[in-house]
$ cat entry15.cif   # mmCIF, C-alpha atoms
data_model
loop_
_atom_site.label_atom_id
_atom_site.label_comp_id
_atom_site.auth_asym_id
_atom_site.auth_seq_id
_atom_site.Cartn_x
_atom_site.Cartn_y
_atom_site.Cartn_z
CA MET A 1 -18.42 -5.81 47.25
CA ALA A 2 -15.10 -7.07 45.99
CA ALA A 3 -12.99 -9.29 48.22
CA ALA A 4 -10.16 -7.54 50.08
CA SER A 5 -6.90 -7.23 48.16
CA THR A 6 -4.81 -9.35 50.50
CA LEU A 7 -1.94 -11.38 49.10
CA LYS A 8 -3.79 -14.59 49.84
CA ASN A 9 -6.96 -13.49 48.10
CA MET A 10 -5.16 -12.15 45.06
CA THR A 11 -3.01 -15.25 44.63
CA LEU A 12 -5.98 -17.53 45.09
CA CYS A 13 -8.16 -15.58 42.67
CA LEU A 14 -5.55 -15.35 39.89
CA THR A 15 -4.55 -18.99 40.25
CA LEU A 16 -8.14 -20.12 40.09
CA VAL A 17 -9.00 -17.95 37.09
CA CYS A 18 -5.88 -19.09 35.23
CA LEU A 19 -6.60 -22.75 35.95
CA ILE A 20 -10.18 -22.49 34.72
CA CYS A 21 -9.15 -20.53 31.64
CA ALA A 22 -6.42 -23.04 30.83
CA ALA A 23 -8.96 -25.84 31.12
CA VAL A 24 -11.38 -24.04 28.78
CA VAL A 25 -8.68 -23.45 26.18
CA GLY A 26 -7.55 -27.06 26.53
CA VAL A 27 -11.03 -28.36 25.87
CA ALA A 28 -11.47 -26.01 22.90
CA TYR A 29 -8.15 -27.19 21.48
CA ALA A 30 -9.08 -30.85 21.83
CA VAL A 31 -12.49 -30.30 20.25
CA THR A 32 -11.22 -28.28 17.29
CA LYS A 33 -8.00 -30.16 16.59
CA GLU A 34 -9.57 -32.59 14.18
CA PRO A 35 -11.60 -30.06 12.16
CA ILE A 36 -8.53 -27.76 11.95
CA ASP A 37 -6.36 -30.57 10.61
CA ALA A 38 -9.14 -31.57 8.22
CA ALA A 39 -9.49 -27.97 7.00
CA ALA A 40 -5.75 -27.65 6.41
CA GLN A 41 -5.72 -31.01 4.67
CA ALA A 42 -8.70 -30.05 2.50
CA LYS A 43 -6.98 -26.82 1.52
CA THR A 44 -3.79 -28.63 0.50
CA THR A 45 -5.71 -31.25 -1.45
CA ALA A 46 -7.77 -28.57 -3.20
CA SER A 47 -4.59 -26.68 -4.13
CA ILE A 48 -2.94 -29.82 -5.47
CA ALA A 49 -6.07 -30.64 -7.47
CA ARG A 50 -5.99 -27.16 -8.97
CA VAL A 51 -2.37 -27.22 -10.09
CA LEU A 52 -2.13 -30.77 -11.42
CA PRO A 53 -4.16 -32.78 -13.93
CA GLU A 54 -6.76 -35.11 -12.50
CA PHE A 55 -5.30 -37.85 -10.34
CA THR A 56 -6.49 -40.77 -8.26
CA SER A 57 -3.49 -41.62 -6.11
CA THR A 58 -2.74 -40.06 -2.73
CA PRO A 59 -0.20 -37.21 -2.83
CA GLN A 60 3.01 -38.01 -0.96
CA GLU A 61 4.69 -35.26 0.97
CA GLY A 62 8.41 -34.65 0.75
CA SER A 63 11.00 -31.94 0.97
CA ILE A 64 14.21 -31.19 -0.85
CA ARG A 65 17.02 -28.66 -0.60
CA VAL A 66 17.81 -26.81 -3.79
CA GLY A 67 20.40 -24.03 -3.70
CA GLN A 68 19.92 -22.12 -0.46
CA ALA A 69 16.31 -23.00 0.24
CA ASP A 70 14.22 -25.95 1.35
CA TYR A 71 11.18 -26.78 -0.70
CA LYS A 72 8.18 -28.80 0.32
CA TYR A 73 6.51 -30.77 -2.42
CA TYR A 74 3.80 -33.33 -3.02
CA LYS A 75 4.50 -36.18 -5.38
CA VAL A 76 1.41 -37.42 -7.16
CA ASP A 77 1.85 -40.65 -9.11
CA GLY A 78 0.62 -40.35 -12.66
CA ALA A 79 0.24 -36.59 -12.50
CA GLY A 80 3.51 -34.97 -11.46
CA TYR A 81 4.74 -32.80 -8.63
CA ALA A 82 3.03 -30.00 -6.75
CA ILE A 83 5.83 -27.83 -5.41
CA ILE A 84 5.48 -25.10 -2.80
CA SER A 85 7.72 -22.19 -3.67
CA SER A 86 8.19 -18.86 -1.86
CA THR A 87 9.86 -15.65 -2.97
CA SER A 88 9.86 -12.09 -1.75
CA GLY A 89 7.12 -10.09 -3.37
CA PHE A 90 6.47 -6.38 -2.95
CA GLY A 91 4.91 -6.57 0.48
CA GLY A 92 6.35 -9.77 1.94
CA LEU A 93 6.52 -13.44 1.18
CA LEU A 94 4.68 -14.67 -1.87
CA THR A 95 3.99 -18.39 -1.60
CA LEU A 96 2.79 -20.40 -4.57
CA MET A 97 1.98 -23.97 -5.30
CA VAL A 98 3.26 -24.91 -8.73
CA GLY A 99 2.19 -28.08 -10.50
CA VAL A 100 4.75 -29.55 -12.83
CA THR A 101 3.79 -32.55 -14.94
CA GLY A 102 6.10 -35.42 -15.79
CA ASP A 103 7.19 -33.82 -19.08
CA GLY A 104 8.59 -30.80 -17.24
CA LYS A 105 5.82 -28.41 -18.25
CA VAL A 106 4.06 -26.17 -15.75
CA CYS A 107 0.49 -27.41 -15.45
CA ASN A 108 -0.97 -24.64 -13.32
CA THR A 109 -0.09 -22.35 -10.41
CA THR A 110 -2.00 -21.10 -7.43
CA VAL A 111 -1.25 -18.56 -4.72
CA LEU A 112 -1.19 -20.03 -1.21
CA SER A 113 -0.47 -16.79 0.62
CA HIS A 114 0.68 -13.29 -0.21
CA SER A 115 0.80 -9.81 1.28
CA GLU A 116 0.83 -7.75 -1.91
CA THR A 117 -0.90 -4.38 -2.25
CA PRO A 118 -4.67 -4.75 -2.63
CA GLY A 119 -5.81 -3.78 -6.11
CA LEU A 120 -2.28 -3.90 -7.53
CA GLY A 121 0.01 -6.83 -6.74
CA ALA A 122 -2.79 -8.73 -5.04
CA LYS A 123 -4.22 -9.30 -8.50
CA CYS A 124 -1.56 -12.00 -8.95
CA ALA A 125 -4.00 -14.31 -7.18
CA THR A 126 -6.97 -13.53 -9.42
CA ASP A 127 -5.90 -11.88 -12.69
CA GLU A 128 -6.83 -14.43 -15.33
CA ARG A 129 -4.74 -12.76 -18.07
CA PHE A 130 -1.64 -13.04 -15.94
CA LEU A 131 -2.27 -16.48 -14.49
CA SER A 132 -3.25 -18.13 -17.79
CA GLN A 133 0.26 -17.49 -19.09
CA PHE A 134 1.62 -20.12 -16.72
CA ARG A 135 -0.82 -22.83 -17.75
CA GLY A 136 1.02 -25.36 -19.89
CA PHE A 137 4.14 -23.19 -19.82
CA ASP A 138 7.09 -25.08 -21.31
CA PRO A 139 10.30 -23.86 -19.62
CA ALA A 140 12.34 -25.58 -22.34
CA ALA A 141 10.83 -23.42 -25.09
CA LYS A 142 10.22 -20.11 -23.32
CA THR A 143 11.82 -18.06 -20.56
CA LEU A 144 10.14 -17.74 -17.17
CA ALA A 145 10.58 -14.02 -16.64
CA VAL A 146 8.65 -10.84 -17.38
CA ARG A 147 9.21 -9.11 -20.72
CA LYS A 148 11.10 -6.25 -19.07
CA ASP A 149 13.72 -8.81 -17.98
CA GLY A 150 13.85 -10.42 -21.41
CA GLY A 151 11.38 -13.19 -20.63
CA ASP A 152 8.11 -14.27 -22.22
CA LEU A 153 5.56 -13.21 -19.60
CA ASP A 154 3.34 -10.15 -19.54
CA ALA A 155 3.53 -8.53 -16.12
CA ILE A 156 0.46 -7.29 -14.24
CA THR A 157 0.03 -3.58 -14.98
CA ALA A 158 1.82 -1.46 -12.38
CA SER A 159 2.94 -4.56 -10.47
CA THR A 160 6.23 -5.53 -12.06
CA ILE A 161 7.83 -6.46 -8.75
CA THR A 162 5.01 -8.85 -7.86
CA SER A 163 5.03 -10.32 -11.37
CA ARG A 164 8.77 -10.77 -11.17
CA ALA A 165 8.46 -12.53 -7.82
CA TYR A 166 5.73 -14.77 -9.21
CA ALA A 167 7.84 -15.69 -12.24
CA LEU A 168 10.85 -16.35 -10.02
CA ALA A 169 8.81 -18.58 -7.71
CA VAL A 170 7.61 -20.62 -10.69
CA ALA A 171 11.14 -20.77 -12.12
CA ASN A 172 12.44 -22.01 -8.76
CA ALA A 173 9.74 -24.67 -8.69
CA VAL A 174 10.77 -25.82 -12.16
CA GLU A 175 14.35 -26.02 -10.90
CA VAL A 176 13.16 -28.13 -7.94
CA PHE A 177 11.32 -30.38 -10.37
CA ASN A 178 14.46 -30.84 -12.43
CA GLN A 179 16.37 -31.85 -9.29
CA LEU A 180 13.61 -34.21 -8.22
CA ASN A 181 13.45 -35.77 -11.64
CA LYS A 182 17.21 -36.25 -11.80
CA GLY A 183 17.28 -37.75 -8.29
CA GLY A 184 14.27 -39.90 -9.05
CA GLN A 185 15.93 -41.57 -11.99
CA GLY A 186 19.09 -42.22 -9.99
CA ASP A 187 17.70 -43.54 -6.71
CA GLU A 188 14.37 -45.16 -7.32
CA MET B 189 -37.30 1.16 32.63
CA SER B 190 -37.04 -1.06 29.61
CA LYS B 191 -33.81 -2.90 29.10
CA TRP B 192 -33.77 -2.31 25.36
CA HIS B 193 -31.87 0.90 25.75
CA PHE B 194 -28.78 -1.17 26.64
CA ILE B 195 -28.80 -2.45 23.08
CA THR B 196 -29.66 0.82 21.35
CA ASP B 197 -27.10 2.69 23.47
CA GLY B 198 -24.34 0.52 22.09
CA PHE B 199 -25.59 1.29 18.61
CA VAL B 200 -25.98 5.04 18.82
CA LYS B 201 -25.01 6.86 22.01
CA ASN B 202 -22.07 4.61 22.83
CA ASN B 203 -21.23 3.59 19.28
CA PRO B 204 -17.70 2.24 19.76
CA THR B 205 -16.37 3.44 16.42
CA PHE B 206 -17.99 6.79 15.70
CA VAL B 207 -18.59 8.11 19.22
CA LEU B 208 -16.16 6.41 21.60
CA VAL B 209 -13.52 6.09 18.84
CA LEU B 210 -12.21 2.84 20.30
CA GLY B 211 -10.71 -0.17 18.55
CA MET B 212 -9.33 1.88 15.68
CA CYS B 213 -6.64 -0.62 14.72
CA PRO B 214 -8.97 -3.39 13.47
CA THR B 215 -11.40 -0.75 12.21
CA LEU B 216 -8.85 0.77 9.88
CA ALA B 217 -7.07 -2.42 8.91
CA THR B 218 -9.79 -4.97 8.25
CA THR B 219 -12.45 -2.89 6.51
CA THR B 220 -11.13 -3.37 2.98
CA SER B 221 -14.48 -4.89 2.03
CA ALA B 222 -17.94 -5.10 3.57
CA ILE B 223 -17.60 -8.83 4.22
CA ASN B 224 -14.25 -8.42 5.99
CA GLY B 225 -15.69 -5.67 8.18
CA LEU B 226 -18.72 -7.79 8.99
CA GLU B 227 -16.61 -10.81 9.93
CA MET B 228 -14.32 -8.74 12.13
CA GLY B 229 -17.32 -7.16 13.84
CA LEU B 230 -18.96 -10.52 14.52
CA ALA B 231 -15.72 -11.98 15.86
CA THR B 232 -15.37 -9.07 18.27
CA MET B 233 -19.03 -9.32 19.26
CA PHE B 234 -18.57 -13.00 20.16
CA VAL B 235 -15.75 -12.14 22.56
CA LEU B 236 -17.52 -9.06 23.87
CA ILE B 237 -20.74 -10.84 24.83
CA LEU B 238 -19.04 -13.80 26.49
CA SER B 239 -16.45 -11.75 28.35
CA ASN B 240 -19.16 -9.31 29.53
CA ILE B 241 -21.23 -12.20 30.89
CA VAL B 242 -18.34 -13.92 32.66
CA ILE B 243 -16.86 -10.73 34.06
CA SER B 244 -20.20 -9.53 35.43
CA LEU B 245 -20.46 -12.91 37.19
CA ILE B 246 -17.00 -12.99 38.73
CA ALA B 247 -16.49 -9.26 39.35
CA PRO B 248 -17.92 -9.26 42.90
CA LYS B 249 -15.44 -11.96 43.93
CA VAL B 250 -12.31 -10.52 42.37
CA PRO B 251 -9.99 -8.46 44.61
CA ASP B 252 -9.66 -4.96 43.22
CA LYS B 253 -5.90 -4.99 42.71
CA VAL B 254 -5.87 -8.02 40.40
CA ARG B 255 -8.97 -6.91 38.52
CA ILE B 256 -7.29 -6.09 35.20
CA PRO B 257 -5.11 -9.26 34.99
CA VAL B 258 -8.19 -11.38 35.68
CA TYR B 259 -10.25 -9.60 33.00
CA ILE B 260 -7.47 -9.89 30.45
CA THR B 261 -7.10 -13.60 31.19
CA VAL B 262 -10.82 -14.13 30.68
CA ILE B 263 -10.83 -12.12 27.44
CA ALA B 264 -7.71 -13.87 26.14
CA THR B 265 -9.34 -17.23 26.81
CA PHE B 266 -12.38 -16.37 24.71
CA VAL B 267 -10.20 -14.97 21.94
CA THR B 268 -8.16 -18.17 21.84
CA VAL B 269 -11.32 -20.26 21.74
CA LEU B 270 -12.66 -18.06 18.93
CA GLN B 271 -9.39 -18.39 17.05
CA LEU B 272 -9.51 -22.18 17.26
CA LEU B 273 -13.17 -22.26 16.23
CA MET B 274 -12.55 -19.99 13.24
CA GLN B 275 -9.55 -22.02 12.15
CA ALA B 276 -11.68 -25.14 12.29
CA TYR B 277 -14.97 -23.99 10.79
CA THR B 278 -14.33 -20.80 8.82
CA PRO B 279 -10.72 -21.15 7.62
CA ALA B 280 -11.22 -18.63 4.80
CA ALA B 281 -12.35 -15.88 7.17
CA TYR B 282 -9.55 -16.77 9.56
CA GLU B 283 -7.05 -16.32 6.78
CA THR B 284 -8.27 -12.87 5.70
CA LEU B 285 -8.53 -11.51 9.23
CA GLY B 286 -5.34 -13.27 10.30
CA LEU B 287 -3.43 -11.34 12.92
CA PHE B 288 -6.41 -9.19 13.88
CA ILE B 289 -8.21 -12.05 15.63
CA PRO B 290 -5.57 -12.51 18.38
CA LEU B 291 -5.40 -8.72 18.60
CA ILE B 292 -9.00 -8.65 19.88
CA VAL B 293 -7.41 -9.37 23.28
CA VAL B 294 -6.06 -5.84 23.41
CA ASN B 295 -9.07 -4.25 21.73
CA CYS B 296 -9.99 -1.38 24.02
CA ILE B 297 -13.69 -1.92 23.39
CA VAL B 298 -13.68 -5.32 25.08
CA LEU B 299 -11.65 -4.29 28.12
CA GLY B 300 -13.46 -0.95 28.16
CA ARG B 301 -16.88 -2.61 28.46
CA ALA B 302 -15.55 -5.05 31.08
CA GLU B 303 -14.10 -2.27 33.20
CA GLY B 304 -16.71 0.40 32.49
CA PHE B 305 -19.90 -1.63 32.45
CA ALA B 306 -19.83 -5.37 33.14
CA ASN B 307 -18.17 -5.18 36.56
CA LYS B 308 -20.87 -2.81 37.81
CA HIS B 309 -23.95 -4.46 36.31
CA GLY B 310 -25.78 -7.78 36.42
CA VAL B 311 -25.44 -10.66 34.01
CA GLY B 312 -28.48 -9.86 31.88
CA GLU B 313 -27.64 -6.21 31.48
CA SER B 314 -24.01 -7.01 30.68
CA ALA B 315 -25.05 -9.53 28.05
CA LEU B 316 -27.38 -6.96 26.46
CA ASP B 317 -24.63 -4.36 26.57
CA GLY B 318 -22.29 -6.84 24.86
CA ILE B 319 -24.86 -7.44 22.14
CA GLY B 320 -25.51 -3.72 21.71
CA VAL B 321 -21.91 -2.59 21.55
CA GLY B 322 -21.02 -5.65 19.46
CA LEU B 323 -23.77 -4.86 16.97
CA GLY B 324 -22.73 -1.22 16.92
CA PHE B 325 -19.15 -2.20 16.17
CA THR B 326 -20.22 -4.73 13.55
CA ALA B 327 -22.53 -2.24 11.83
CA SER B 328 -19.86 0.48 11.82
CA LEU B 329 -17.23 -1.83 10.39
CA THR B 330 -19.60 -3.15 7.76
CA VAL B 331 -20.58 0.36 6.66
CA ILE B 332 -16.94 1.51 6.47
CA GLY B 333 -16.07 -1.67 4.59
CA LEU B 334 -19.02 -1.20 2.23
CA VAL B 335 -18.08 2.39 1.38
CA ARG B 336 -14.44 1.45 0.84
CA GLU B 337 -15.41 -1.55 -1.26
CA ILE B 338 -17.80 0.46 -3.46
CA LEU B 339 -15.27 3.25 -4.04
CA GLY B 340 -12.17 1.08 -4.11
CA SER B 341 -13.23 -2.05 -5.96
CA GLY B 342 -16.57 -1.14 -7.52
CA SER B 343 -18.37 -3.93 -5.72
CA ALA B 344 -20.59 -4.47 -2.70
CA PHE B 345 -20.41 -7.63 -0.54
CA GLY B 346 -18.30 -9.18 -3.30
CA TRP B 347 -20.91 -8.45 -6.00
CA LYS B 348 -19.17 -6.44 -8.71
CA PHE B 349 -21.26 -3.79 -10.43
CA ILE B 350 -18.56 -1.53 -11.87
CA PRO B 351 -16.13 -3.36 -14.15
CA GLY B 352 -12.42 -2.72 -13.76
CA ASP B 353 -10.58 -1.11 -10.89
CA GLY B 354 -12.06 1.41 -8.50
CA ILE B 355 -10.18 4.19 -6.74
CA LEU B 356 -7.34 2.11 -5.35
CA ALA B 357 -6.53 4.52 -2.54
CA PHE B 358 -9.78 3.52 -0.84
CA VAL B 359 -8.72 -0.09 -0.50
CA MET B 360 -5.44 1.00 1.04
CA ALA B 361 -4.73 2.80 4.32
CA PRO B 362 -5.44 6.40 3.22
CA GLY B 363 -8.97 5.41 2.20
CA ALA B 364 -9.56 3.90 5.62
CA PHE B 365 -8.79 7.20 7.33
CA LEU B 366 -10.82 9.24 4.83
CA VAL B 367 -13.92 7.04 5.02
CA LEU B 368 -13.73 6.79 8.80
CA GLY B 369 -13.38 10.55 9.14
CA PHE B 370 -16.28 11.42 6.86
CA LEU B 371 -18.58 8.80 8.35
CA MET B 372 -17.72 10.06 11.83
CA VAL B 373 -18.71 13.59 10.80
CA LEU B 374 -22.00 12.39 9.31
CA PHE B 375 -22.79 10.23 12.32
CA ASN B 376 -22.16 12.97 14.83
CA LYS B 377 -24.06 15.55 12.77
CA TYR B 378 -27.07 13.26 12.82
CA LEU B 379 -26.67 12.70 16.57
CA ALA B 380 -26.34 16.42 17.31
CA LYS B 381 -29.59 17.13 15.49
CA LYS B 382 -31.55 14.70 17.62
#

$ encode --input "entry15.cif" --output "structure tokens"
Amino acid sequence: MAAASTLKNMTLCLTLVCLICAAVVGVAYAVTKEPIDAAAQAKTTASIARVLPEFTSTPQEGSIRVGQADYKYYKVDGAGYAIISSTSGFGGLLTLMVGVTGDGKVCNTTVLSHSETPGLGAKCATDERFLSQFRGFDPAAKTLAVRKDGGDLDAITASTITSRAYALAVANAVEVFNQLNKGGQGDE
Amino acid sequence: MSKWHFITDGFVKNNPTFVLVLGMCPTLATTTSAINGLEMGLATMFVLILSNIVISLIAPKVPDKVRIPVYITVIATFVTVLQLLMQAYTPAAYETLGLFIPLIVVNCIVLGRAEGFANKHGVGESALDGIGVGLGFTASLTVIGLVREILGSGSAFGWKFIPGDGILAFVMAPGAFLVLGFLMVLFNKYLAKK
């Protein structure tokens, strides 16, 4: 039967179990570190490839502060910028990657993470009618806002808040691009 | 006596979802589609089998008073390993299940089987029990997910056969309670007949 519950036994047992468990987790971490990094890298590369025209150069990571927020972006020579932009959606943070080409037009957008309502706002990640509006969007000619707010985008049915957040995230990304472009001409 | 009943018990008599009503948090939250339910069930089964095996091995050596901390440490270790493995090899599944993977640590099914079965039985029996209860949990979650997916999104295992939206409530929380409740009634009616 079980060993007696003396202080010595209990301390010994817990210490031993914790040491072994820590070793197991350590080994698992070491073994999976590379595949995890590779998976994250593959996801980023796939997202960049989706939002920007075809490119051959390696994306360069950077970050910039615009207004109150920090933005992470990937600069791709010959294609443009892939900018990560987050806003508050209906159910939490809505994070997009927005590709902006050198001429300032939105190339494409993709949702990196969201917590919108399934079947309603969650459609922002899949609804082709909504998403296609952003492809080739020229912020100079049209307004990045839903029609209710006087813009040129059709919102997802019954998900105005999500659509608004999406439009705002793209608008912010365009703003980041403008800053990057301005800075780029000055410094480089 | 054949050892097969350890597996079938987990499926029917000790079905964790419909009979023991354990692990309701992941059951309600992750069954928005059949695939999600299946993945959650398999993830739990992985932890359940391994923790059952290890706990049945170490139980005779563990002093009674530190029993629970030791079990939790073992379970948490397997959950962390699972989390790392999923992040590495099935990143998509890891993303959809998200928070509910680390929460397997506090899933009452896992600790319940450790405390109620594995520490009193041998390695082989505990492994079989882990498989049985794990399969029972997986099957229950998949069925709940399937019903919710059919009613809520008009699809099954991602294959869409009704165009357009389904009954949205079934994808959201109310649908989870409704489907769980009705399936529980059906399951227990069938059991009572036997």

$ closest_atom_pairs --input "entry15.cif" --of "chain B" --to "chain A" --cutoff "9 Å" --atoms "all atoms listed in the file" --output "tab-separated table"
residue	atom	partner	partner_atom	distance
B:Thr220	CA	A:Pro118	CA	8.7
B:Ala247	CA	A:Ala2	CA	7.1
B:Pro248	CA	A:Ala2	CA	4.7
B:Lys249	CA	A:Ala2	CA	5.3
B:Val250	CA	A:Ala2	CA	5.7
B:Pro251	CA	A:Ala3	CA	4.8
B:Asp252	CA	A:Ser5	CA	6.1
B:Lys253	CA	A:Ser5	CA	6.0
B:Val254	CA	A:Met10	CA	6.3
B:Pro257	CA	A:Leu14	CA	7.8
B:Val258	CA	A:Leu14	CA	6.4
B:Thr261	CA	A:Cys18	CA	6.9
B:Val262	CA	A:Cys21	CA	6.7
B:Ala264	CA	A:Cys21	CA	8.8
B:Thr265	CA	A:Cys21	CA	5.9
B:Phe266	CA	A:Val25	CA	8.1
B:Thr268	CA	A:Val25	CA	6.9
B:Val269	CA	A:Ala28	CA	5.9
B:Leu270	CA	A:Ala28	CA	9.0
B:Leu272	CA	A:Thr32	CA	6.3
B:Leu273	CA	A:Thr32	CA	6.4
B:Met274	CA	A:Ile36	CA	8.8
B:Gln275	CA	A:Ile36	CA	5.8
B:Ala276	CA	A:Ile36	CA	4.1
B:Tyr277	CA	A:Pro35	CA	7.1
B:Thr278	CA	A:Ala39	CA	8.8
B:Pro279	CA	A:Ala39	CA	7.0
B:Gly340	CA	A:Gly119	CA	8.3
B:Ser341	CA	A:Gly119	CA	7.6
B:Asp353	CA	A:Gly119	CA	7.3
B:Gly354	CA	A:Gly119	CA	8.5
B:Leu356	CA	A:Gly119	CA	6.1
B:Val359	CA	A:Pro118	CA	6.5
B:Met360	CA	A:Pro118	CA	6.9

$ write_last_selection --input "entry15.cif" --atoms "C-alpha atoms" --output "PDB file, keeping the file's coordinate frame"
ATOM      1  CA  THR B 220     -11.130  -3.370   2.980  1.00  0.00           C
ATOM      2  CA  ALA B 247     -16.490  -9.260  39.350  1.00  0.00           C
ATOM      3  CA  PRO B 248     -17.920  -9.260  42.900  1.00  0.00           C
ATOM      4  CA  LYS B 249     -15.440 -11.960  43.930  1.00  0.00           C
ATOM      5  CA  VAL B 250     -12.310 -10.520  42.370  1.00  0.00           C
ATOM      6  CA  PRO B 251      -9.990  -8.460  44.610  1.00  0.00           C
ATOM      7  CA  ASP B 252      -9.660  -4.960  43.220  1.00  0.00           C
ATOM      8  CA  LYS B 253      -5.900  -4.990  42.710  1.00  0.00           C
ATOM      9  CA  VAL B 254      -5.870  -8.020  40.400  1.00  0.00           C
ATOM     10  CA  PRO B 257      -5.110  -9.260  34.990  1.00  0.00           C
ATOM     11  CA  VAL B 258      -8.190 -11.380  35.680  1.00  0.00           C
ATOM     12  CA  THR B 261      -7.100 -13.600  31.190  1.00  0.00           C
ATOM     13  CA  VAL B 262     -10.820 -14.130  30.680  1.00  0.00           C
ATOM     14  CA  ALA B 264      -7.710 -13.870  26.140  1.00  0.00           C
ATOM     15  CA  THR B 265      -9.340 -17.230  26.810  1.00  0.00           C
ATOM     16  CA  PHE B 266     -12.380 -16.370  24.710  1.00  0.00           C
ATOM     17  CA  THR B 268      -8.160 -18.170  21.840  1.00  0.00           C
ATOM     18  CA  VAL B 269     -11.320 -20.260  21.740  1.00  0.00           C
ATOM     19  CA  LEU B 270     -12.660 -18.060  18.930  1.00  0.00           C
ATOM     20  CA  LEU B 272      -9.510 -22.180  17.260  1.00  0.00           C
ATOM     21  CA  LEU B 273     -13.170 -22.260  16.230  1.00  0.00           C
ATOM     22  CA  MET B 274     -12.550 -19.990  13.240  1.00  0.00           C
ATOM     23  CA  GLN B 275      -9.550 -22.020  12.150  1.00  0.00           C
ATOM     24  CA  ALA B 276     -11.680 -25.140  12.290  1.00  0.00           C
ATOM     25  CA  TYR B 277     -14.970 -23.990  10.790  1.00  0.00           C
ATOM     26  CA  THR B 278     -14.330 -20.800   8.820  1.00  0.00           C
ATOM     27  CA  PRO B 279     -10.720 -21.150   7.620  1.00  0.00           C
ATOM     28  CA  GLY B 340     -12.170   1.080  -4.110  1.00  0.00           C
ATOM     29  CA  SER B 341     -13.230  -2.050  -5.960  1.00  0.00           C
ATOM     30  CA  ASP B 353     -10.580  -1.110 -10.890  1.00  0.00           C
ATOM     31  CA  GLY B 354     -12.060   1.410  -8.500  1.00  0.00           C
ATOM     32  CA  LEU B 356      -7.340   2.110  -5.350  1.00  0.00           C
ATOM     33  CA  VAL B 359      -8.720  -0.090  -0.500  1.00  0.00           C
ATOM     34  CA  MET B 360      -5.440   1.000   1.040  1.00  0.00           C
TER      35      MET B 360
END

$ resolve_selection --input "entry15.cif" --expression "the PyMOL selection byres ((chain B and resi 325-330) around 8)" --output "PyMOL selection string"
chain B and resi 199+203-206+215+219+221-230+233+321-324+331-334

$ write_last_selection --input "entry15.cif" --atoms "C-alpha atoms" --output "PDB file, keeping the file's coordinate frame"
ATOM      1  CA  PHE B 199     -25.590   1.290  18.610  1.00  0.00           C
ATOM      2  CA  ASN B 203     -21.230   3.590  19.280  1.00  0.00           C
ATOM      3  CA  PRO B 204     -17.700   2.240  19.760  1.00  0.00           C
ATOM      4  CA  THR B 205     -16.370   3.440  16.420  1.00  0.00           C
ATOM      5  CA  PHE B 206     -17.990   6.790  15.700  1.00  0.00           C
ATOM      6  CA  THR B 215     -11.400  -0.750  12.210  1.00  0.00           C
ATOM      7  CA  THR B 219     -12.450  -2.890   6.510  1.00  0.00           C
ATOM      8  CA  SER B 221     -14.480  -4.890   2.030  1.00  0.00           C
ATOM      9  CA  ALA B 222     -17.940  -5.100   3.570  1.00  0.00           C
ATOM     10  CA  ILE B 223     -17.600  -8.830   4.220  1.00  0.00           C
ATOM     11  CA  ASN B 224     -14.250  -8.420   5.990  1.00  0.00           C
ATOM     12  CA  GLY B 225     -15.690  -5.670   8.180  1.00  0.00           C
ATOM     13  CA  LEU B 226     -18.720  -7.790   8.990  1.00  0.00           C
ATOM     14  CA  GLU B 227     -16.610 -10.810   9.930  1.00  0.00           C
ATOM     15  CA  MET B 228     -14.320  -8.740  12.130  1.00  0.00           C
ATOM     16  CA  GLY B 229     -17.320  -7.160  13.840  1.00  0.00           C
ATOM     17  CA  LEU B 230     -18.960 -10.520  14.520  1.00  0.00           C
ATOM     18  CA  MET B 233     -19.030  -9.320  19.260  1.00  0.00           C
ATOM     19  CA  VAL B 321     -21.910  -2.590  21.550  1.00  0.00           C
ATOM     20  CA  GLY B 322     -21.020  -5.650  19.460  1.00  0.00           C
ATOM     21  CA  LEU B 323     -23.770  -4.860  16.970  1.00  0.00           C
ATOM     22  CA  GLY B 324     -22.730  -1.220  16.920  1.00  0.00           C
ATOM     23  CA  VAL B 331     -20.580   0.360   6.660  1.00  0.00           C
ATOM     24  CA  ILE B 332     -16.940   1.510   6.470  1.00  0.00           C
ATOM     25  CA  GLY B 333     -16.070  -1.670   4.590  1.00  0.00           C
ATOM     26  CA  LEU B 334     -19.020  -1.200   2.230  1.00  0.00           C
TER      27      LEU B 334
END

$ closest_residue --input "entry15.cif" --among "B:Ile195, B:Ile243, B:Ala280, B:Ile297" --to "B:Pro214" --atoms "all atoms listed in the file"
B:Ile297

$ atom_distance --input "entry15.cif" --atom1 "atom CA of A:Ser132" --atom2 "atom CA of A:Leu52"
14.2 Å

$ residues_around --input "entry15.cif" --residues "stretch 172-176 of chain A" --least-positions-apart "3" --cutoff "9 Å" --atoms "only C-alpha atoms" --output "list in words"
Ile64, Arg65, Val66, Tyr71, Ala82, Ile83, Ile84, Ser85, Ser86, Thr87, Met97, Val98, Gly99, Val100, Gly104, Lys105, Val106, Pro139, Ala167, Leu168, Ala169, Gln179, Leu180 and Asn181 of chain A

$ atom_distance --input "entry15.cif" --atom1 "atom CA of B:Val293" --atom2 "atom CA of B:Val267"
6.4 Å

$ residues_near_point --input "entry15.cif" --point "(-1.6, -21.7, -2.7)" --cutoff "8 Å" --atoms "all atoms listed in the file" --output "JSON, numbers by chain"
{"A": [44, 47, 84, 95, 96, 97, 109, 110, 111, 112, 113]}

$ residues_around --input "entry15.cif" --residues "B:Met372" --least-positions-apart "3" --cutoff "10 Å" --atoms "all atoms listed in the file" --output "compact mmCIF listing (two decimals) with C-alpha atoms, in the frame of the given file"
# COMPACT_ATOMS: atom_id res chain seq x y z
CA THR B 205 -16.37 3.44 16.42
CA PHE B 206 -17.99 6.79 15.70
CA VAL B 207 -18.59 8.11 19.22
CA VAL B 209 -13.52 6.09 18.84
CA SER B 328 -19.86 0.48 11.82
CA LEU B 366 -10.82 9.24 4.83
CA VAL B 367 -13.92 7.04 5.02
CA LEU B 368 -13.73 6.79 8.80
CA GLY B 369 -13.38 10.55 9.14
CA PHE B 375 -22.79 10.23 12.32
CA ASN B 376 -22.16 12.97 14.83
CA LYS B 377 -24.06 15.55 12.77
CA TYR B 378 -27.07 13.26 12.82
